[in-house]
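Visitor: Just one file: work08.txt, with compact mmCIF, C-alpha atoms.
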```txt
# COMPACT_ATOMS: atom_id res chain seq x y z
CA GLN A 1 0.00 0.00 0.00
CA VAL A 2 1.33 3.40 -1.01
CA GLN A 3 1.97 5.81 1.82
CA LEU A 4 2.71 9.51 1.44
CA VAL A 5 4.09 11.64 4.25
CA GLU A 6 4.34 15.40 3.79
CA SER A 7 6.65 17.62 5.80
CA GLY A 8 8.08 21.12 5.72
CA GLY A 9 5.03 23.20 6.43
CA GLY A 10 4.89 25.94 9.01
CA LEU A 11 4.46 29.63 9.66
CA VAL A 12 6.31 32.01 7.37
CA GLN A 13 6.19 35.74 6.79
CA PRO A 14 4.98 37.18 3.48
CA GLY A 15 7.79 37.10 0.95
CA GLY A 16 9.39 34.12 2.63
CA SER A 17 10.10 30.64 1.35
CA LEU A 18 9.32 27.07 2.31
CA ARG A 19 10.15 23.72 0.79
CA LEU A 20 7.64 20.96 1.22
CA SER A 21 8.66 17.33 0.94
CA CYS A 22 6.55 14.26 0.31
CA ALA A 23 8.11 10.92 1.13
CA PHE A 24 6.71 7.96 -0.82
CA SER A 25 6.74 4.32 0.23
CA GLY A 26 5.02 1.07 -0.60
CA SER A 27 5.51 0.84 -4.36
CA VAL A 28 7.74 1.85 -7.25
CA PHE A 29 7.96 5.63 -6.94
CA SER A 30 9.42 6.30 -10.37
CA ILE A 31 6.29 5.19 -12.26
CA TYR A 32 3.94 7.50 -10.40
CA ASN A 33 2.85 10.95 -11.46
CA MET A 34 3.04 13.21 -8.44
CA ASP A 35 1.01 16.31 -7.64
CA TRP A 36 0.73 18.92 -4.94
CA TYR A 37 -2.74 20.23 -4.06
CA ARG A 38 -3.83 22.75 -1.49
CA GLN A 39 -7.05 23.51 0.33
CA ALA A 40 -7.74 26.77 2.10
CA PRO A 41 -10.53 27.09 4.69
CA GLY A 42 -13.90 27.24 2.99
CA LYS A 43 -12.45 26.59 -0.45
CA GLN A 44 -12.17 23.60 -2.75
CA ARG A 45 -8.97 21.65 -3.04
CA GLU A 46 -6.96 22.91 -5.99
CA LEU A 47 -4.04 21.59 -8.00
CA VAL A 48 -0.87 23.60 -7.39
CA ALA A 49 1.78 21.70 -9.31
CA GLY A 50 2.42 18.33 -10.89
CA ILE A 51 5.36 16.32 -12.15
CA SER A 52 5.03 13.27 -14.35
CA SER A 53 6.97 10.04 -14.06
CA GLY A 54 9.06 11.36 -16.95
CA GLY A 55 9.82 14.63 -15.20
CA PHE A 56 7.46 16.93 -17.08
CA THR A 57 6.05 19.64 -14.84
CA ASN A 58 2.99 21.86 -14.75
CA ILE A 59 2.37 24.77 -12.42
CA ALA A 60 -0.92 26.49 -11.66
CA ASP A 61 -1.18 30.03 -12.98
CA SER A 62 -1.80 31.33 -9.46
CA VAL A 63 1.68 30.28 -8.34
CA LYS A 64 3.62 30.30 -11.60
CA GLY A 65 6.97 32.02 -11.21
CA ARG A 66 6.93 31.50 -7.43
CA PHE A 67 6.54 27.75 -6.94
CA SER A 68 8.42 24.87 -8.50
CA ILE A 69 8.11 21.11 -8.25
CA SER A 70 10.82 18.48 -8.47
CA ARG A 71 11.34 14.84 -7.70
CA ASP A 72 14.22 12.65 -6.57
CA ASN A 73 13.53 9.09 -7.62
CA ALA A 74 16.47 7.75 -5.65
CA LYS A 75 15.04 9.25 -2.46
CA ARG A 76 11.44 8.53 -3.49
CA THR A 77 10.54 12.09 -2.63
CA VAL A 78 8.75 14.94 -4.38
CA TYR A 79 9.36 18.55 -3.43
CA LEU A 80 7.45 21.79 -3.70
CA GLN A 81 9.65 24.86 -3.49
CA MET A 82 7.58 27.90 -2.57
CA ASP A 83 9.10 31.35 -2.84
CA SER A 84 7.66 34.86 -2.49
CA LEU A 85 4.87 33.48 -0.37
CA LYS A 86 1.69 35.47 0.01
CA PRO A 87 -1.05 35.33 2.66
CA GLU A 88 -3.35 33.79 0.05
CA ASP A 89 -1.02 30.80 -0.15
CA THR A 90 -2.16 29.83 3.34
CA ALA A 91 -3.66 26.35 3.11
CA VAL A 92 -3.18 22.71 3.90
CA TYR A 93 -0.93 21.26 1.21
CA TYR A 94 -1.47 17.67 0.12
CA CYS A 95 0.71 15.30 -1.84
CA ASN A 96 -0.98 13.04 -4.40
CA ALA A 97 0.36 10.00 -6.27
CA ARG A 98 -1.29 8.71 -9.46
CA TRP A 99 -0.65 5.61 -11.59
CA GLY A 100 -3.30 4.16 -13.83
CA SER A 101 -6.54 4.06 -11.86
CA SER A 102 -4.72 4.22 -8.52
CA MET A 103 -4.58 7.42 -6.52
CA TYR A 104 -3.21 8.08 -3.06
CA TRP A 105 -3.18 11.09 -0.75
CA GLY A 106 -0.99 12.20 2.09
CA GLN A 107 -2.32 13.59 5.35
CA GLY A 108 -1.41 17.17 4.48
CA THR A 109 0.87 19.80 5.94
CA GLN A 110 -0.24 23.26 7.06
CA VAL A 111 1.32 26.33 5.49
CA THR A 112 0.49 29.67 7.07
CA VAL A 113 1.73 32.91 5.57
CA SER A 114 1.30 35.76 8.01
CA SER A 115 3.19 38.61 9.56
```
Rewrite the structure of this file - the entire thing - as structure tokens.
Guide:
Amino acid sequence: QVQLVESGGGLVQPGGSLRLSCAFSGSVFSIYNMDWYRQAPGKQRELVAGISSGGFTNIADSVKGRFSISRDNAKRTVYLQMDSLKPEDTAVYYCNARWGSSMYWGQGTQVTVSS
């Protein structure tokens, strides 16, 4: 069974940076497409960034130029680098793994951007 464990969230001031990590276990990491989602209070969960098994990336327009996604297949980890953070980036960030019809979620990590 695939397990995803996010880490790296916390409280940061506007303009600051955080790097989220998602550790993958339970299957062959390299074949999975990996995504980061976020959900703010009272809002729907939204896709922030994705990286395919082949390393192709896509970034949501709302964070383009500030966020980047990468993966390390040897460490079975996907990262979300978040720079120039804004208060509206405050949300719980979730890691998602997809392969075929299979989909798995992590438990989420809280990111709060506030002065």
Visitor: Might you pull out every residue within 8 Å of range 58-68 of chain A, with all atoms listed in the file counted and same-chain residues fewer than 6 positions away left off, and present them as a list in words?
Guide: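 With the cut-off at 8 Å, the set is Leu47, Val48, Ala49, Gly50, Ile51, Leu80, Gln81, Met82, Asp83, Ser84 and Leu85 of chain A.
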Visitor: Could those residues be written to a file, using C-alpha atoms, as a PDB file, keeping the file's coordinate frame?
Guide:
```
ATOM      1  CA  LEU A  47      -4.040  21.590  -8.000  1.00  0.00           C
ATOM      2  CA  VAL A  48      -0.870  23.600  -7.390  1.00  0.00           C
ATOM      3  CA  ALA A  49       1.780  21.700  -9.310  1.00  0.00           C
ATOM      4  CA  GLY A  50       2.420  18.330 -10.890  1.00  0.00           C
ATOM      5  CA  ILE A  51       5.360  16.320 -12.150  1.00  0.00           C
ATOM      6  CA  LEU A  80       7.450  21.790  -3.700  1.00  0.00           C
ATOM      7  CA  GLN A  81       9.650  24.860  -3.490  1.00  0.00           C
ATOM      8  CA  MET A  82       7.580  27.900  -2.570  1.00  0.00           C
ATOM      9  CA  ASP A  83       9.100  31.350  -2.840  1.00  0.00           C
ATOM     10  CA  SER A  84       7.660  34.860  -2.490  1.00  0.00           C
ATOM     11  CA  LEU A  85       4.870  33.480  -0.370  1.00  0.00           C
TER      12      LEU A  85
END
```
Visitor: Calculate how many Å separate CA of Glu46 in chain A from CA of Asn73 in chain A, rounding to one decimal.
Guide: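 Computing it gives 24.8 Å between the two atoms.
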Visitor: Provide the CA of Val92 in chain A to CA of Phe56 in chain A distance in Å, to one decimal place.
Guide: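 Distance reported for this atom pair: 24.2 Å.
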Visitor: Around (-0.2, 13.1, -10.9), as given in the file, which residues come within 6 Å? Count only C-alpha atoms and list them as a list in words.
Guide: Asn33, Met34, Asp35, Gly50, Ala97 and Arg98 of chain A
Visitor: What's around range 3-13 of chain A at 9 Å? Count all atoms listed in the file, leave out sequence neighbours fewer than 5 positions away in its own chain, and write the answer as a ChimeraX atom specification.
Guide: /A:18-27,85-87,92-97,104-115
Visitor: Keeping C-alpha atoms, export the residues of the selection given above as a tab-separated table (two decimals), keeping the file's coordinate frame.
Guide:
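What landed in again.tsv:
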```tsv
chain	number	residue	atom	x	y	z
A	18	LEU	CA	9.32	27.07	2.31
A	19	ARG	CA	10.15	23.72	0.79
A	20	LEU	CA	7.64	20.96	1.22
A	21	SER	CA	8.66	17.33	0.94
A	22	CYS	CA	6.55	14.26	0.31
A	23	ALA	CA	8.11	10.92	1.13
A	24	PHE	CA	6.71	7.96	-0.82
A	25	SER	CA	6.74	4.32	0.23
A	26	GLY	CA	5.02	1.07	-0.60
A	27	SER	CA	5.51	0.84	-4.36
A	85	LEU	CA	4.87	33.48	-0.37
A	86	LYS	CA	1.69	35.47	0.01
A	87	PRO	CA	-1.05	35.33	2.66
A	92	VAL	CA	-3.18	22.71	3.90
A	93	TYR	CA	-0.93	21.26	1.21
A	94	TYR	CA	-1.47	17.67	0.12
A	95	CYS	CA	0.71	15.30	-1.84
A	96	ASN	CA	-0.98	13.04	-4.40
A	97	ALA	CA	0.36	10.00	-6.27
A	104	TYR	CA	-3.21	8.08	-3.06
A	105	TRP	CA	-3.18	11.09	-0.75
A	106	GLY	CA	-0.99	12.20	2.09
A	107	GLN	CA	-2.32	13.59	5.35
A	108	GLY	CA	-1.41	17.17	4.48
A	109	THR	CA	0.87	19.80	5.94
A	110	GLN	CA	-0.24	23.26	7.06
A	111	VAL	CA	1.32	26.33	5.49
A	112	THR	CA	0.49	29.67	7.07
A	113	VAL	CA	1.73	32.91	5.57
A	114	SER	CA	1.30	35.76	8.01
A	115	SER	CA	3.19	38.61	9.56
```
Visitor: Using only C-alpha atoms, which of A:Thr90, A:Ser30, A:Gln1, A:Gly16 sits nearest Ala74 in chain A?
Guide: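 Using only C-alpha atoms, the shortest distance to Ala74 in chain A belongs to A:Ser30.
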Visitor: Compare A:Val28, A:Val2, A:Ile69, A:Ala91 by their minimum atom-to-atom distance to Gly42 in chain A, counting all atoms listed in the file, and give me the closest one.
Guide: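 Ranked by minimum distance to Gly42 in chain A, first place goes to A:Ala91.
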Visitor: Centre and edge lengths of an axis-aligned box around all listed atoms of range 90-100 of chain A, with 3 Å added on each side, are to be given in Å to one decimal, as AutoDock Vina command-line options.
Guide:
```
--center_x -1.5 --center_y 17.0 --center_z -5.0 --size_x 10.4 --size_y 31.7 --size_z 23.7
```
Visitor: When you draw a straight line from CA of Trp99 in chain A to CA of Trp36 in chain A, how long is it in Å?
Guide: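 Pair CA of Trp99 in chain A / CA of Trp36 in chain A returns 14.9 Å.
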Visitor: With distances taken over all atoms listed in the file, which of A:Glu88, A:Arg38, A:Tyr32, A:Gly55 is nearest to Met103 in chain A?
Guide: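 Among A:Glu88, A:Arg38, A:Tyr32, A:Gly55, it is A:Tyr32 that comes nearest to Met103 in chain A.
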